[in-house]
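One structure is given below, encoded as structure tokens.
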Amino acid sequence: MPELPEVETTRRGIATVMPGRILRRLIVHEPRLRWPVPADLPDRVRDTEVLACERRGKYLLIRFPQGTQIVHLGMSGSLRRVPMDEPLRKHDHVEWQFDEARFLLHDPRRFGAVLWHPAGAGPIEAHPLLAGLGIEPFDPAFTPEILHTGLQGRRQSVKQLLLGGKIVVGVGNIYASESLFLAGIDPRLRGDHVSRPRSARLHAAILQTLSQALESGGSTLRDYVNAQGTPGAYFTLHAAVYERDGQPCTRCTTPIRRIVQGQRATYFCPGCQKR
């Protein structure tokens, strides 16, 4: 699914166009997403200026004077700019129309969302989908000590704790596997068994992995493209373990192994990654 680098890449793309423009029409072609698109949302935002395009975790936040749209790309979605006269494709469910720009939310599995948080309901950070999220990985306040403290007292595996998003957001399944490989940590290691030195290595690996993914425009497994319709190049340039089960490790030639943790695939090198 699109993870933080893909969502941030999308945000950067739409942020070069949407802010300062008047949204003429929001057209909902299919309201039955993960949560139904509010029926009155098109009327709420018609002929209204977009103030900013932001991100919190894996959620895009499109801000208007009267509230904020919360957009999630789901398991296989994308939000891309298209020509004004381009025909709709199958699975193009929501459309943003400006005078000289047009964007489509494409979501084959319909696990995404377009929701509304009115300004009168308080700060967007208090919304139930956002309130429990951990710190952003590129926030200067995210330090090795913060990561280590968050892992302490936790019996779950370090991989599952990263996916939970309560300690740090945005380290989804792909980048958790890659970060743990860079740090030399077995993904099955319990959180409370991660030492301070290992926490420091993992902290550095998370930042390196996410930075590489952002520089590469994210990852493309199935349907993801960025706001310009371009697939991500992370796998071609950087991926060391994800979806490489049975192939030799790039460091030690031990075959990469695949296991399942919390119903998610995990890839690691038994030779390089230690408990």
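Simple scheme: letters A, B, ... for chains in structure tokens order, numbers from 1 for residues in each chain, numbers from 1 for ligands in the order shown.
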Helix (DSSP H, G or I) call set, DSSP backbone run, stretch 13-252 of chain A, as a ChimeraX atom specification:
/A:13-15,41-45,119-121,124-126,128-131,144-151,158-164,173-183,191-193,196-215,234-237
Need to verify the contact set: stretch 250-256 of chain A, 7 Å, only C-alpha atoms, exclusion of same-chain residues closer than 2 positions in sequence. Can you return it as a ChimeraX atom specification?
/A:240-241,244-248,258,267-269,271
As a PyMOL selection string, please: all residues of stretch 92-217 of chain A that backbone DSSP puts in strand (DSSP E or B).
chain A and resi 92-97+102-106+113-118+135+157+168+185+190
Env of A:Leu161: 9 Å cut, atoms = only C-alpha atoms, seq-sep filter 5 positions within chain, self excluded. Answer as number ranges by chain.
A: 151, 154, 156, 166-167, 191
Just the selected residues (N, CA and C atoms), exported as a compact mmCIF listing (two decimals), in the first residue's frame, please.
# COMPACT_ATOMS: atom_id res chain seq x y z
N LEU A 151 10.03 1.68 22.63
CA LEU A 151 10.11 0.22 22.49
C LEU A 151 10.13 -0.48 23.84
N ARG A 154 7.59 -3.32 25.79
CA ARG A 154 6.72 -3.86 24.75
C ARG A 154 7.20 -5.26 24.36
N GLN A 156 5.77 -7.11 21.96
CA GLN A 156 5.60 -7.37 20.53
C GLN A 156 6.94 -7.29 19.81
N LYS A 166 2.46 3.93 16.62
CA LYS A 166 2.27 4.65 17.88
C LYS A 166 3.56 5.31 18.36
N ILE A 167 4.70 4.75 17.95
CA ILE A 167 5.98 5.33 18.34
C ILE A 167 6.43 6.34 17.29
N GLY A 191 10.39 -5.81 21.28
CA GLY A 191 10.71 -4.40 21.43
C GLY A 191 11.52 -4.11 22.68
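The space separating atom CA of A:Pro144 from atom CA of A:Gln212 comes to 19.3 Å.
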Shell around stretch 16-31 of chain A at 8 Å using only C-alpha atoms, local window under 3 positions removed, as number ranges by chain
A: 12-13, 36-39, 41-42, 45-53, 92-99, 101
Output file for the residues above (N, CA and C atoms, as a tab-separated table (two decimals), in the first residue's frame):
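See out-v6.tsv below for the written result:
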chain	number	residue	atom	x	y	z
A	12	ARG	N	3.65	16.58	-2.19
A	12	ARG	CA	4.50	17.58	-2.83
A	12	ARG	C	4.00	17.91	-4.23
A	13	GLY	N	3.49	16.89	-4.92
A	13	GLY	CA	2.98	17.12	-6.27
A	13	GLY	C	1.74	18.00	-6.28
A	36	PRO	N	-17.88	5.85	3.68
A	36	PRO	CA	-18.59	6.58	2.63
A	36	PRO	C	-18.15	8.05	2.56
A	37	VAL	N	-17.95	8.55	1.36
A	37	VAL	CA	-17.67	9.97	1.19
A	37	VAL	C	-18.91	10.75	1.62
A	38	PRO	N	-18.78	11.74	2.52
A	38	PRO	CA	-19.96	12.49	2.97
A	38	PRO	C	-20.75	13.05	1.80
A	39	ALA	N	-22.06	12.85	1.84
A	39	ALA	CA	-22.91	13.25	0.71
A	39	ALA	C	-22.88	14.76	0.48
A	41	LEU	N	-20.31	16.76	1.01
A	41	LEU	CA	-18.95	17.29	0.84
A	41	LEU	C	-18.79	18.14	-0.42
A	42	PRO	N	-19.33	17.72	-1.59
A	42	PRO	CA	-19.17	18.59	-2.77
A	42	PRO	C	-19.72	20.00	-2.56
A	45	VAL	N	-17.35	22.36	-0.30
A	45	VAL	CA	-16.07	22.88	-0.81
A	45	VAL	C	-16.19	23.53	-2.18
A	46	ARG	N	-17.38	23.56	-2.77
A	46	ARG	CA	-17.55	24.16	-4.09
A	46	ARG	C	-17.14	25.64	-4.07
A	47	ASP	N	-16.37	26.05	-5.08
A	47	ASP	CA	-15.95	27.45	-5.26
A	47	ASP	C	-15.23	27.99	-4.02
A	48	THR	N	-14.39	27.15	-3.45
A	48	THR	CA	-13.64	27.52	-2.25
A	48	THR	C	-12.15	27.40	-2.49
A	49	GLU	N	-11.37	28.31	-1.94
A	49	GLU	CA	-9.92	28.30	-2.11
A	49	GLU	C	-9.26	27.22	-1.26
A	50	VAL	N	-8.31	26.52	-1.85
A	50	VAL	CA	-7.46	25.60	-1.10
A	50	VAL	C	-6.37	26.41	-0.42
A	51	LEU	N	-6.27	26.25	0.90
A	51	LEU	CA	-5.27	27.01	1.65
A	51	LEU	C	-3.92	26.31	1.69
A	52	ALA	N	-3.93	24.98	1.83
A	52	ALA	CA	-2.66	24.24	1.96
A	52	ALA	C	-2.91	22.77	1.71
A	53	CYS	N	-1.84	22.07	1.34
A	53	CYS	CA	-1.85	20.62	1.20
A	53	CYS	C	-0.78	20.08	2.15
A	92	ASP	N	-11.61	5.36	-11.07
A	92	ASP	CA	-11.44	6.78	-10.74
A	92	ASP	C	-12.70	7.21	-9.98
A	93	HIS	N	-12.57	7.42	-8.68
A	93	HIS	CA	-13.76	7.56	-7.83
A	93	HIS	C	-14.09	8.99	-7.42
A	94	VAL	N	-13.08	9.83	-7.24
A	94	VAL	CA	-13.32	11.20	-6.79
A	94	VAL	C	-12.48	12.14	-7.64
A	95	GLU	N	-13.05	13.31	-7.95
A	95	GLU	CA	-12.43	14.24	-8.89
A	95	GLU	C	-12.43	15.65	-8.31
A	96	TRP	N	-11.25	16.31	-8.36
A	96	TRP	CA	-11.11	17.71	-7.96
A	96	TRP	C	-10.93	18.53	-9.23
A	97	GLN	N	-11.82	19.48	-9.50
A	97	GLN	CA	-11.75	20.30	-10.70
A	97	GLN	C	-11.47	21.76	-10.35
A	98	PHE	N	-10.36	22.27	-10.88
A	98	PHE	CA	-10.01	23.68	-10.77
A	98	PHE	C	-10.14	24.28	-12.16
A	99	ASP	N	-9.94	25.59	-12.28
A	99	ASP	CA	-10.09	26.23	-13.59
A	99	ASP	C	-9.13	25.65	-14.62
A	101	ALA	N	-6.77	22.92	-13.78
A	101	ALA	CA	-6.15	21.71	-13.25
A	101	ALA	C	-7.23	20.74	-12.79
For A:Glu145: contacts at 9 Å, only C-alpha atoms, fewer than 4 positions along chain excluded, given as a ChimeraX atom specification
/A:149-150,196,199-200
Within 8 Å of A:Gln69, counting only C-alpha atoms, which residues qualify if same-chain residues fewer than 5 places away don't, as a list in words?
Leu60, Leu61, Ile62, Arg63, Phe64, Val114, Leu115, Trp116 and His117 of chain A
Residues from last step as file, N, CA, C and O atoms, as a tab-separated table (two decimals), in the first residue's frame:
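Listing of selection-v3.tsv after writing:
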chain	number	residue	atom	x	y	z
A	60	LEU	N	-3.33	12.51	3.64
A	60	LEU	CA	-3.23	13.82	3.00
A	60	LEU	C	-4.27	14.74	3.62
A	60	LEU	O	-5.42	14.33	3.84
A	61	LEU	N	-3.89	15.97	3.88
A	61	LEU	CA	-4.79	16.96	4.47
A	61	LEU	C	-4.89	18.14	3.52
A	61	LEU	O	-3.92	18.88	3.31
A	62	ILE	N	-6.06	18.31	2.90
A	62	ILE	CA	-6.31	19.43	2.00
A	62	ILE	C	-7.14	20.44	2.77
A	62	ILE	O	-8.32	20.20	3.08
A	63	ARG	N	-6.53	21.58	3.09
A	63	ARG	CA	-7.16	22.54	4.00
A	63	ARG	C	-7.95	23.61	3.23
A	63	ARG	O	-7.46	24.16	2.24
A	64	PHE	N	-9.13	23.89	3.73
A	64	PHE	CA	-10.01	24.95	3.25
A	64	PHE	C	-10.32	25.87	4.42
A	64	PHE	O	-10.15	25.47	5.58
A	114	VAL	N	-12.10	9.69	1.55
A	114	VAL	CA	-12.15	11.14	1.44
A	114	VAL	C	-13.16	11.59	2.48
A	114	VAL	O	-14.37	11.41	2.31
A	115	LEU	N	-12.66	12.16	3.58
A	115	LEU	CA	-13.51	12.53	4.71
A	115	LEU	C	-13.42	14.03	4.95
A	115	LEU	O	-12.65	14.74	4.32
A	116	TRP	N	-14.21	14.52	5.87
A	116	TRP	CA	-14.30	15.96	6.13
A	116	TRP	C	-14.22	16.22	7.63
A	116	TRP	O	-14.90	15.57	8.43
A	117	HIS	N	-13.37	17.19	8.00
A	117	HIS	CA	-13.26	17.63	9.39
A	117	HIS	C	-13.55	19.13	9.42
A	117	HIS	O	-12.71	19.93	9.00
When distances are computed from only C-alpha atoms, which of A:Gly57, A:Gly77, A:Pro5, A:Gly172 shows the smallest separation from A:Asp107?
A:Gly77
Smallest atom-to-atom distance to A:Leu162: which of A:Pro128, A:Gly262, A:Pro118, A:Gly67, using only C-alpha atoms?
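Ranking A:Pro128, A:Gly262, A:Pro118, A:Gly67 by distance to A:Leu162, first place goes to A:Gly262.
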Length of the atom CA of A:Arg109 to atom CA of A:Val7 vector [Å]
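Answer for the atom CA of A:Arg109 to atom CA of A:Val7 separation: 17.2 Å.
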Who sits within 10 Å of A:Leu182, only C-alpha atoms, same chain under 5 positions skipped, as a PyMOL selection string:
chain A and resi 176-177+201-202+204-206+208-209+240-241+272-273
To one decimal place in Å, what is the distance between atom CA of A:Leu88 and atom CA of A:Ile14?
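Between atom CA of A:Leu88 and atom CA of A:Ile14 the gap is 19.0 Å.
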